[in-house]
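Trainee: First, the structure itself, so that you have it in front of you.
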Number of protein chains: 4
Amino acid sequence: MPLKALAFNSTLKPSTASEASSTGKLLELIAEEFKNHDVEFEAIRLADHDIKPGVTSDEGEGDAWPHIRQKVLQANILLIGTPIWLGQPSSVCKRALERMDAFLEEMDDGRMVSYGKVAAVAVVGNEDGAHHVSAEVYQALNDVGFTIPANAVAYWVGEAMGSTNFVDLKQTPEPVRTMISMLARNTAHLATLLKNSQYPSEQR
Amino acid sequence: MPLKALAFNSTLKPSTASEASSTGKLLELIAEEFKNHDVEFEAIRLADHDIKPGVTSDEGEGDAWPHIRQKVLQANILLIGTPIWLGQPSSVCKRALERMDAFLEEMDDGRMVSYGKVAAVAVVGNEDGAHHVSAEVYQALNDVGFTIPANAVAYWVGEAMGSTNFVDLKQTPEPVRTMISMLARNTAHLATLLKNSQYPSEQR
Amino acid sequence: MPLKALAFNSTLKPSTASEASSTGKLLELIAEEFKNHDVEFEAIRLADHDIKPGVTSDEGEGDAWPHIRQKVLQANILLIGTPIWLGQPSSVCKRALERMDAFLEEMDDGRMVSYGKVAAVAVVGNEDGAHHVSAEVYQALNDVGFTIPANAVAYWVGEAMGSTNFVDLKQTPEPVRTMISMLARNTAHLATLLKNSQYPSEQR
Amino acid sequence: MPLKALAFNSTLKPSTASEASSTGKLLELIAEEFKNHDVEFEAIRLADHDIKPGVTSDEGEGDAWPHIRQKVLQANILLIGTPIWLGQPSSVCKRALERMDAFLEEMDDGRMVSYGKVAAVAVVGNEDGAHHVSAEVYQALNDVGFTIPANAVAYWVGEAMGSTNFVDLKQTPEPVRTMISMLARNTAHLATLLKNSQYPSEQR
């Protein structure tokens with residue numbers, strides 16, 4: 001059975017927006033690379049869904065999270081894609097991370113339901129902020145049970161105070177291609193290892 | 001004319017929730033202290049309002065932000081109150097910060113519309129994260145033109161991995177009272193100075 | 001009496017290093033701009049001095065901090081200049097911030113000795129990290145009593161994964177010039193206000 | 001051959017200091033737990049060594065880093081222990097992270113020399129800051145090639161504005177014991193997997 005990767009596109013804009021999503025573009029490039037590692041890929045554009053604020057797994061009527069959460073549980077790899085605003089991850093990204101706080105209480109044989117899943121990060125912005133965004137996401141996801149492979153981020157930002165969008169670049173810069181290649185390779189490798197050999201439960 | 005303080009309560013729960021808001025409790029204590037400095041106080045519970053994701057000042061039909069933004073512009077002091085989740089500010093807090101990204105383009109006589117306004121932060125959590133939350137909020141608000149007085153944060157968190165809520169404490173701990181007193185005193189002082197002597201415009 | 005600005009150059013390299021300091025270059029540009037606001041300027045290259053690790057104001061024999069600390073106390077403005085390494089402020093910068101932890105206990109008429117002093121930040125890196133660096137520095141300095149004026153950071157970084165040094169740019173990019181101008185103008189304005197009207201002490 | 005864990009104690013105080021190190025105490029508890037997983041343990045108190053500032057692997061005469069770097073390369077697990085100052089990792093911790101920036105250029109068969117090594121974090125403070133410290137360390141170490149197992153941090157901090165030291169607690173709080181147990185178990189498991197099955201090189 002192939003590995004499954006689930007990606008969150010945390011752009012602030014729903015699919016109906018006229019502008020193309022730079023985050024979406026980076027996720028597409030990563031999806032393409034995942035194919036070389038036999039990883040199935042699905043992306044969810046979070047702004048298309050009504051994810052209620054909260055820290056439980058179901059915030060009641062109309063909450064889109066329980067359905068998305070099911071997809072997280074079925075995936076081996078969770079890829080958080082987010083734009084940078086004010087040097088930080090988007091509020092849409094934060095909303096999804098927050099909902100996974102519930103994993104802290106959700107145990108399966110003494111392990112969080114997220115154990116054995118591998119996380120990676122894709123970040124784009126007009127300028128500055130990618131390292132900090134990855135720091136925020138790594139820590140949040142590690143706290144709720146995800147494992148982070150070596151060099152788990154692919155990002156692009158322009159020069160200081162720049163205004164170019166990644167989606168408008170004529171070609172993907174070489175360093176970004178390298179990061180994508182490393183991200184896919186390392187993520188698939190580690191997800192395979194953990195799929196075949198889950199973390200031991202407490203009782204060992 | 002007295003100073004006006006506007007507070008954002010960025011709890012994830014709307015007012016209709018059954019649990020009391022710890023963030024709300026801390027904001028009330030600060031409101032009380034602001035009275036000693038003749039500062040008028042208004043709190044908005046953000047989760048009660050449909051603030052659309054985006055980085056413009058009006059994201060169209062149903063967007064609650066334009067009305068809230070007007071209140072920001074009328075205030076001398078903006079107090080960001082937020083709970084801590086996963087060691088970070090709430091997604092509700094992030095949403096509001098993100099909307100103020102628009103100030104970067106909104107100039108009045110060569111200054112952002114936020115110039116001369118003073119910002120402070122109120123943070124509560126079961127445990128750990130307050131310093132980082134204040135760092136995130138300071139940087140975001142400073143980028144969009146706010147000024148930050150000395151010791152601009154009041155916070156409470158419990159011991160590592162604790163689960164006590166601030167709102168359930170029998171009395172306000174002395175260090176929290178001290179922080180509240182400093183926050184109100186310094187914020188009011190600096191807001192008065194800037195009200196009487198706005199930052200010069202570029203053309204000076 | 002003119003305002004005094006003290007700048008820390010937190011490059012990892014001492015003055016004897018062969019390479020020019022990009023942080024030093026940015027500080028020079030800011031120094032130039034401060035002249036337009038009658039601000040006296042002095043820069044200290046921290047790596048030239050043996051600042052001991054610690055959180056007291058004097059860590060004993062051979063500690064260079066007490067002398068530097070005196071200069072901080074005499075300044076109206078503290079400008080933290082730092083390179084970015086791994087998306088974060090330099091260890092040399094962190095060392096100096098850490099030493100100011102001692103201000104938390106050093107009171108003058110009920111206020112920290114840093115009260116009334118204004119802080120700003122200058123950041124350069126080959127790439128990504130400036131927003132986070134400013135967040136770290138704002139929070140650390142605000143905790144120990146400094147006030148942060150609107151738009152208190154000037155920075156330059158190249159495109160993602162870039163390797164250009166600021167000191168090697170043929171000319172200063174326009175957005176950097178704008179940031180420098182705002183930083184100097186706002187910092188001088190706020191430092192003047194606070195010099196003429198110190199924060200009230202607790203007893204007022 | 002058993003796994004080897006190398007721990008950095010990033011306290012600001014050298015071994016000759018009169019006070020016991022809280023960071024050291026937490027590292028001892030983790031070392032004890034590692035024994036249950038057949039992990040050999042060595043701790044280095046960084047403040048005892050003259051680690052020069054820099055981002056190369058050898059900063060010349062008197063630099064203690066090359067020797068410490070050899071130990072890193074021989075270890076399967078790197079455990080970063082640090083106190084919290086101003087809500088952030090210590091400057092001593094930052095110095096060591098900075099030195100590993102050199103790994104970005106040091107490739108072995110197309111992989112950084114750190115590939116296959118697993119990192120974890122131990123944090124203590126009088127109060128608040130552990131989540132942010134772990135975020136900083138995760139991001140820095142992941143950037144330079146380390147892998148981060150699920151729940152890779154063990155920490156203790158007291159209530160807001162507290163002044164108790166971890167080393168002075170009469171007994172280790174239950175949540176800290178749980179974190180230590182998870183950290184050791186997960187770290188040993190993942191290090192074993194990667195020891196037996198290194199990340200593929202680019203050429204695969």
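Ordering of the structure tokens sets the chain letters (A, B, ...); residue numbers start at 1 within each chain; ligands are numbered from 1 in the order shown.
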Once chain B has been least-squares superposed onto chain C, matching all their Cα atoms in order, can you return it as an mmCIF file with C-alpha atoms, in the first residue's frame?
Mentor:
data_model
loop_
_atom_site.group_PDB
_atom_site.id
_atom_site.type_symbol
_atom_site.label_atom_id
_atom_site.label_comp_id
_atom_site.auth_asym_id
_atom_site.auth_seq_id
_atom_site.Cartn_x
_atom_site.Cartn_y
_atom_site.Cartn_z
ATOM 1 C CA MET B 1 21.587 68.284 25.487
ATOM 2 C CA PRO B 2 21.345 66.034 22.439
ATOM 3 C CA LEU B 3 19.962 62.503 22.634
ATOM 4 C CA LYS B 4 22.482 59.688 22.832
ATOM 5 C CA ALA B 5 22.105 56.463 20.873
ATOM 6 C CA LEU B 6 24.139 53.409 21.730
ATOM 7 C CA ALA B 7 24.321 50.641 19.138
ATOM 8 C CA PHE B 8 25.384 47.037 19.657
ATOM 9 C CA ASN B 9 26.948 45.394 16.634
ATOM 10 C CA SER B 10 26.327 41.725 17.400
ATOM 11 C CA THR B 11 28.259 40.259 14.477
ATOM 12 C CA LEU B 12 30.077 37.039 15.380
ATOM 13 C CA LYS B 13 33.355 38.457 14.082
ATOM 14 C CA PRO B 14 35.662 40.786 16.026
ATOM 15 C CA SER B 15 37.014 43.953 14.366
ATOM 16 C CA THR B 16 40.216 42.092 13.509
ATOM 17 C CA ALA B 17 38.328 39.817 11.098
ATOM 18 C CA SER B 18 39.131 40.333 7.453
ATOM 19 C CA GLU B 19 35.536 40.510 6.223
ATOM 20 C CA ALA B 20 33.553 43.723 6.515
ATOM 21 C CA SER B 21 30.514 43.546 8.797
ATOM 22 C CA SER B 22 27.140 43.797 7.096
ATOM 23 C CA THR B 23 25.602 44.602 10.448
ATOM 24 C CA GLY B 24 28.174 47.373 10.857
ATOM 25 C CA LYS B 25 27.268 48.777 7.450
ATOM 26 C CA LEU B 26 23.577 49.005 8.346
ATOM 27 C CA LEU B 27 24.423 50.632 11.677
ATOM 28 C CA GLU B 28 26.531 53.245 9.851
ATOM 29 C CA LEU B 29 23.596 54.131 7.630
ATOM 30 C CA ILE B 30 21.378 54.548 10.673
ATOM 31 C CA ALA B 31 24.055 56.621 12.432
ATOM 32 C CA GLU B 32 24.121 58.922 9.426
ATOM 33 C CA GLU B 33 20.357 59.343 9.581
ATOM 34 C CA PHE B 34 20.410 59.969 13.339
ATOM 35 C CA LYS B 35 22.555 63.065 12.639
ATOM 36 C CA ASN B 36 19.500 64.651 11.004
ATOM 37 C CA HIS B 37 17.770 64.360 14.350
ATOM 38 C CA ASP B 38 20.679 65.641 16.484
ATOM 39 C CA VAL B 39 21.260 62.230 17.994
ATOM 40 C CA GLU B 40 24.807 61.395 19.118
ATOM 41 C CA PHE B 41 25.783 57.888 18.102
ATOM 42 C CA GLU B 42 28.205 55.311 19.435
ATOM 43 C CA ALA B 43 28.525 51.699 18.273
ATOM 44 C CA ILE B 44 30.105 48.880 20.255
ATOM 45 C CA ARG B 45 31.217 45.766 18.436
ATOM 46 C CA LEU B 46 30.335 43.229 21.090
ATOM 47 C CA ALA B 47 32.616 40.473 19.779
ATOM 48 C CA ASP B 48 35.592 42.692 20.634
ATOM 49 C CA HIS B 49 34.674 42.484 24.316
ATOM 50 C CA ASP B 50 34.705 39.605 26.781
ATOM 51 C CA ILE B 51 31.077 39.666 27.920
ATOM 52 C CA LYS B 52 30.723 36.800 30.375
ATOM 53 C CA PRO B 53 27.622 34.624 30.338
ATOM 54 C CA GLY B 54 25.304 35.418 33.230
ATOM 55 C CA VAL B 55 22.277 37.329 34.394
ATOM 56 C CA THR B 56 23.813 39.715 36.890
ATOM 57 C CA SER B 57 25.256 43.140 36.131
ATOM 58 C CA ASP B 58 28.802 42.085 37.010
ATOM 59 C CA GLU B 59 30.031 38.552 36.492
ATOM 60 C CA GLY B 60 33.424 39.238 38.072
ATOM 61 C CA GLU B 61 37.016 39.432 36.900
ATOM 62 C CA GLY B 62 37.501 40.191 33.259
ATOM 63 C CA ASP B 63 33.827 40.803 32.569
ATOM 64 C CA ALA B 64 33.414 43.543 29.964
ATOM 65 C CA TRP B 65 29.713 44.004 30.627
ATOM 66 C CA PRO B 66 29.817 46.481 33.555
ATOM 67 C CA HIS B 67 31.520 49.068 31.334
ATOM 68 C CA ILE B 68 29.097 48.480 28.466
ATOM 69 C CA ARG B 69 26.179 48.555 30.893
ATOM 70 C CA GLN B 70 27.234 52.053 32.001
ATOM 71 C CA LYS B 71 26.966 53.193 28.402
ATOM 72 C CA VAL B 72 23.482 51.676 28.153
ATOM 73 C CA LEU B 73 22.421 53.605 31.240
ATOM 74 C CA GLN B 74 23.737 56.863 29.778
ATOM 75 C CA ALA B 75 21.988 56.375 26.452
ATOM 76 C CA ASN B 76 18.459 57.444 25.536
ATOM 77 C CA ILE B 77 18.295 54.997 22.668
ATOM 78 C CA LEU B 78 19.552 51.420 22.433
ATOM 79 C CA LEU B 79 19.901 50.053 18.924
ATOM 80 C CA ILE B 80 20.422 46.306 18.691
ATOM 81 C CA GLY B 81 22.194 45.369 15.484
ATOM 82 C CA THR B 82 22.458 41.681 14.717
ATOM 83 C CA PRO B 83 23.084 39.292 11.873
ATOM 84 C CA ILE B 84 20.693 36.389 11.290
ATOM 85 C CA TRP B 85 21.964 32.843 11.738
ATOM 86 C CA LEU B 86 19.573 29.944 11.283
ATOM 87 C CA GLY B 87 16.732 32.452 11.164
ATOM 88 C CA GLN B 88 17.514 33.748 14.641
ATOM 89 C CA PRO B 89 19.514 36.509 16.392
ATOM 90 C CA SER B 90 23.217 35.836 16.929
ATOM 91 C CA SER B 91 24.496 34.291 20.160
ATOM 92 C CA VAL B 92 26.462 37.494 20.684
ATOM 93 C CA CYS B 93 23.205 39.461 20.601
ATOM 94 C CA LYS B 94 21.554 36.966 22.956
ATOM 95 C CA ARG B 95 24.437 37.280 25.408
ATOM 96 C CA ALA B 96 23.908 41.036 25.717
ATOM 97 C CA LEU B 97 20.117 40.727 26.044
ATOM 98 C CA GLU B 98 20.620 38.125 28.763
ATOM 99 C CA ARG B 99 22.843 40.434 30.762
ATOM 100 C CA MET B 100 20.036 43.012 30.824
ATOM 101 C CA ASP B 101 17.873 40.473 32.655
ATOM 102 C CA ALA B 102 19.484 42.044 35.714
ATOM 103 C CA PHE B 103 17.440 45.203 35.111
ATOM 104 C CA LEU B 104 14.415 43.271 36.403
ATOM 105 C CA GLU B 105 15.831 43.686 39.897
ATOM 106 C CA GLU B 106 17.471 47.075 39.494
ATOM 107 C CA MET B 107 14.963 49.703 40.435
ATOM 108 C CA ASP B 108 15.317 53.456 40.581
ATOM 109 C CA ASP B 109 12.380 55.139 42.348
ATOM 110 C CA GLY B 110 10.220 52.055 41.647
ATOM 111 C CA ARG B 111 11.104 51.872 37.979
ATOM 112 C CA MET B 112 13.654 49.697 36.207
ATOM 113 C CA VAL B 113 16.828 51.609 35.338
ATOM 114 C CA SER B 114 15.931 51.197 31.669
ATOM 115 C CA TYR B 115 12.631 53.078 31.955
ATOM 116 C CA GLY B 116 12.373 55.986 29.555
ATOM 117 C CA LYS B 117 14.899 54.432 27.172
ATOM 118 C CA VAL B 118 13.816 53.613 23.648
ATOM 119 C CA ALA B 119 14.941 50.529 21.720
ATOM 120 C CA ALA B 120 15.219 49.765 18.029
ATOM 121 C CA VAL B 121 16.581 46.910 15.940
ATOM 122 C CA ALA B 122 18.795 46.583 12.858
ATOM 123 C CA VAL B 123 18.973 43.180 11.191
ATOM 124 C CA VAL B 124 20.857 41.830 8.217
ATOM 125 C CA GLY B 125 21.205 38.377 6.794
ATOM 126 C CA ASN B 126 21.851 36.584 3.536
ATOM 127 C CA GLU B 127 18.253 35.467 3.767
ATOM 128 C CA ASP B 128 15.089 35.088 5.833
ATOM 129 C CA GLY B 129 14.695 35.747 9.548
ATOM 130 C CA ALA B 130 14.389 39.485 10.158
ATOM 131 C CA HIS B 131 10.826 39.553 11.458
ATOM 132 C CA HIS B 132 11.542 36.829 13.965
ATOM 133 C CA VAL B 133 14.764 38.487 15.099
ATOM 134 C CA SER B 134 12.888 41.698 15.770
ATOM 135 C CA ALA B 135 10.191 39.770 17.673
ATOM 136 C CA GLU B 136 12.804 38.175 19.925
ATOM 137 C CA VAL B 137 14.564 41.457 20.596
ATOM 138 C CA TYR B 138 11.387 43.483 21.141
ATOM 139 C CA GLN B 139 10.086 41.010 23.697
ATOM 140 C CA ALA B 140 13.376 40.652 25.563
ATOM 141 C CA LEU B 141 13.968 44.404 25.726
ATOM 142 C CA ASN B 142 10.372 45.237 26.561
ATOM 143 C CA ASP B 143 10.463 42.761 29.435
ATOM 144 C CA VAL B 144 13.459 44.605 30.879
ATOM 145 C CA GLY B 145 11.891 48.044 30.587
ATOM 146 C CA PHE B 146 12.577 49.491 27.150
ATOM 147 C CA THR B 147 9.951 51.281 25.063
ATOM 148 C CA ILE B 148 9.550 50.460 21.379
ATOM 149 C CA PRO B 149 8.591 53.200 18.912
ATOM 150 C CA ALA B 150 6.432 52.598 15.837
ATOM 151 C CA ASN B 151 8.258 50.729 13.052
ATOM 152 C CA ALA B 152 11.336 50.143 15.170
ATOM 153 C CA VAL B 153 13.230 47.865 12.802
ATOM 154 C CA ALA B 154 15.383 48.352 9.718
ATOM 155 C CA TYR B 155 16.450 45.191 7.945
ATOM 156 C CA TRP B 156 17.738 43.656 4.795
ATOM 157 C CA VAL B 157 17.760 40.032 3.696
ATOM 158 C CA GLY B 158 18.132 38.504 0.248
ATOM 159 C CA GLU B 159 15.842 36.086 -1.569
ATOM 160 C CA ALA B 160 15.289 32.613 -0.057
ATOM 161 C CA MET B 161 18.546 30.679 0.357
ATOM 162 C CA GLY B 162 20.479 33.687 -0.953
ATOM 163 C CA SER B 163 24.137 34.267 -0.171
ATOM 164 C CA THR B 164 24.649 37.961 -0.919
ATOM 165 C CA ASN B 165 25.938 40.114 1.951
ATOM 166 C CA PHE B 166 24.368 43.500 2.621
ATOM 167 C CA VAL B 167 27.815 45.058 2.748
ATOM 168 C CA ASP B 168 28.404 43.969 -0.867
ATOM 169 C CA LEU B 169 25.273 45.564 -2.315
ATOM 170 C CA LYS B 170 26.180 48.317 -4.780
ATOM 171 C CA GLN B 171 23.567 50.618 -3.302
ATOM 172 C CA THR B 172 21.151 50.634 -0.430
ATOM 173 C CA PRO B 173 17.731 49.419 -1.630
ATOM 174 C CA GLU B 174 15.016 52.062 -1.463
ATOM 175 C CA PRO B 175 12.838 50.116 1.063
ATOM 176 C CA VAL B 176 15.835 49.877 3.404
ATOM 177 C CA ARG B 177 16.415 53.632 3.121
ATOM 178 C CA THR B 178 12.762 54.200 3.974
ATOM 179 C CA MET B 179 12.953 51.912 7.019
ATOM 180 C CA ILE B 180 16.114 53.656 8.230
ATOM 181 C CA SER B 181 14.464 57.029 7.881
ATOM 182 C CA MET B 182 11.376 55.900 9.816
ATOM 183 C CA LEU B 183 13.453 54.170 12.496
ATOM 184 C CA ALA B 184 15.563 57.253 13.172
ATOM 185 C CA ARG B 185 12.643 59.686 13.051
ATOM 186 C CA ASN B 186 10.346 57.681 15.288
ATOM 187 C CA THR B 187 13.041 56.639 17.728
ATOM 188 C CA ALA B 188 14.279 60.203 18.190
ATOM 189 C CA HIS B 189 10.748 61.534 18.601
ATOM 190 C CA LEU B 190 9.781 59.011 21.255
ATOM 191 C CA ALA B 191 13.088 59.280 23.109
ATOM 192 C CA THR B 192 12.600 63.029 23.319
ATOM 193 C CA LEU B 193 9.082 62.667 24.706
ATOM 194 C CA LEU B 194 10.242 60.205 27.368
ATOM 195 C CA LYS B 195 13.323 62.230 28.232
ATOM 196 C CA ASN B 196 11.068 65.166 28.975
ATOM 197 C CA SER B 197 8.374 63.111 30.663
ATOM 198 C CA GLN B 198 9.571 59.915 32.327
ATOM 199 C CA TYR B 199 7.101 57.134 33.175
ATOM 200 C CA PRO B 200 5.494 57.788 36.572
ATOM 201 C CA SER B 201 6.782 55.714 39.475
ATOM 202 C CA GLU B 202 4.451 53.318 41.254
ATOM 203 C CA GLN B 203 3.794 55.711 44.119
ATOM 204 C CA ARG B 204 2.076 58.365 42.039
#
Trainee: Name the residues of range 146-175 of chain C that fall into strand (DSSP E or B) according to DSSP on the backbone, using the chain letters and numbers of this document, as a ChimeraX atom specification.
Mentor: /C:147-148,153-158
Trainee: Based on the selection just made, write N, CA and C atoms of those residues as an mmCIF file, in the first residue's frame.
Mentor:
data_model
loop_
_atom_site.group_PDB
_atom_site.id
_atom_site.type_symbol
_atom_site.label_atom_id
_atom_site.label_comp_id
_atom_site.auth_asym_id
_atom_site.auth_seq_id
_atom_site.Cartn_x
_atom_site.Cartn_y
_atom_site.Cartn_z
ATOM 1 N N THR C 147 11.126 50.881 25.809
ATOM 2 C CA THR C 147 9.945 51.276 25.049
ATOM 3 C C THR C 147 10.264 51.167 23.562
ATOM 4 N N ILE C 148 9.284 50.727 22.779
ATOM 5 C CA ILE C 148 9.536 50.457 21.372
ATOM 6 C C ILE C 148 8.684 51.362 20.489
ATOM 7 N N VAL C 153 12.186 48.718 13.377
ATOM 8 C CA VAL C 153 13.204 47.851 12.796
ATOM 9 C C VAL C 153 13.588 48.298 11.384
ATOM 10 N N ALA C 154 14.879 48.224 11.087
ATOM 11 C CA ALA C 154 15.374 48.359 9.716
ATOM 12 C C ALA C 154 16.109 47.066 9.402
ATOM 13 N N TYR C 155 15.815 46.472 8.257
ATOM 14 C CA TYR C 155 16.442 45.184 7.952
ATOM 15 C C TYR C 155 16.668 45.007 6.469
ATOM 16 N N TRP C 156 17.582 44.122 6.165
ATOM 17 C CA TRP C 156 17.735 43.644 4.805
ATOM 18 C C TRP C 156 18.075 42.174 4.817
ATOM 19 N N VAL C 157 17.414 41.429 3.958
ATOM 20 C CA VAL C 157 17.747 40.030 3.686
ATOM 21 C C VAL C 157 17.552 39.818 2.187
ATOM 22 N N GLY C 158 18.292 38.852 1.644
ATOM 23 C CA GLY C 158 18.123 38.521 0.238
ATOM 24 C C GLY C 158 17.006 37.518 0.027
#
Trainee: Just list as a compact mmCIF listing (two decimals) with C-alpha atoms, in the first residue's frame whatever in chain C DSSP marks as helix (DSSP H, G or I).
Mentor:
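Just written: selection.txt:
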# COMPACT_ATOMS: atom_id res chain seq x y z
CA SER C 22 27.14 43.80 7.10
CA THR C 23 25.60 44.60 10.45
CA GLY C 24 28.18 47.37 10.85
CA LYS C 25 27.26 48.78 7.45
CA LEU C 26 23.57 49.00 8.34
CA LEU C 27 24.43 50.62 11.67
CA GLU C 28 26.53 53.23 9.86
CA LEU C 29 23.59 54.13 7.64
CA ILE C 30 21.38 54.54 10.67
CA ALA C 31 24.06 56.62 12.44
CA GLU C 32 24.12 58.92 9.42
CA GLU C 33 20.36 59.34 9.59
CA PHE C 34 20.42 59.96 13.35
CA LYS C 35 22.55 63.05 12.64
CA LEU C 46 30.34 43.22 21.10
CA ALA C 47 32.62 40.46 19.78
CA ASP C 48 35.58 42.70 20.64
CA TRP C 65 29.71 44.00 30.63
CA PRO C 66 29.83 46.49 33.57
CA HIS C 67 31.52 49.07 31.34
CA ILE C 68 29.09 48.48 28.48
CA ARG C 69 26.18 48.55 30.90
CA GLN C 70 27.24 52.05 32.01
CA LYS C 71 26.96 53.19 28.41
CA VAL C 72 23.48 51.68 28.16
CA LEU C 73 22.42 53.60 31.25
CA GLN C 74 23.74 56.85 29.78
CA SER C 91 24.50 34.28 20.16
CA VAL C 92 26.46 37.49 20.68
CA CYS C 93 23.21 39.46 20.60
CA LYS C 94 21.56 36.97 22.95
CA ARG C 95 24.44 37.27 25.40
CA ALA C 96 23.89 41.02 25.73
CA LEU C 97 20.11 40.72 26.05
CA GLU C 98 20.62 38.12 28.76
CA ARG C 99 22.84 40.42 30.76
CA MET C 100 20.04 42.99 30.81
CA ASP C 101 17.87 40.45 32.65
CA ALA C 102 19.49 42.03 35.71
CA PHE C 103 17.44 45.19 35.11
CA LEU C 104 14.41 43.28 36.40
CA GLU C 105 15.83 43.70 39.90
CA ALA C 130 14.40 39.49 10.16
CA HIS C 131 10.83 39.56 11.46
CA HIS C 132 11.54 36.83 13.96
CA VAL C 133 14.75 38.48 15.09
CA SER C 134 12.88 41.70 15.76
CA ALA C 135 10.18 39.77 17.66
CA GLU C 136 12.81 38.17 19.91
CA VAL C 137 14.57 41.45 20.59
CA TYR C 138 11.38 43.49 21.14
CA GLN C 139 10.08 41.01 23.69
CA ALA C 140 13.38 40.64 25.55
CA LEU C 141 13.97 44.39 25.72
CA ASN C 142 10.37 45.23 26.55
CA ASP C 143 10.47 42.75 29.44
CA PHE C 166 24.38 43.50 2.62
CA VAL C 167 27.82 45.06 2.75
CA ASP C 168 28.41 43.97 -0.85
CA GLU C 174 15.03 52.05 -1.46
CA PRO C 175 12.85 50.11 1.05
CA VAL C 176 15.84 49.88 3.40
CA ARG C 177 16.42 53.63 3.11
CA THR C 178 12.76 54.20 3.97
CA MET C 179 12.95 51.92 7.00
CA ILE C 180 16.11 53.66 8.22
CA SER C 181 14.46 57.02 7.89
CA MET C 182 11.38 55.90 9.81
CA LEU C 183 13.43 54.18 12.48
CA ALA C 184 15.55 57.25 13.17
CA ARG C 185 12.63 59.69 13.05
CA ASN C 186 10.33 57.67 15.30
CA THR C 187 13.03 56.65 17.72
CA ALA C 188 14.27 60.19 18.19
CA HIS C 189 10.74 61.54 18.60
CA LEU C 190 9.76 59.01 21.25
CA ALA C 191 13.08 59.27 23.10
CA THR C 192 12.59 63.04 23.31
CA LEU C 193 9.08 62.67 24.71
CA LEU C 194 10.23 60.21 27.36
CA LYS C 195 13.32 62.23 28.23
CA ASN C 196 11.06 65.17 28.98
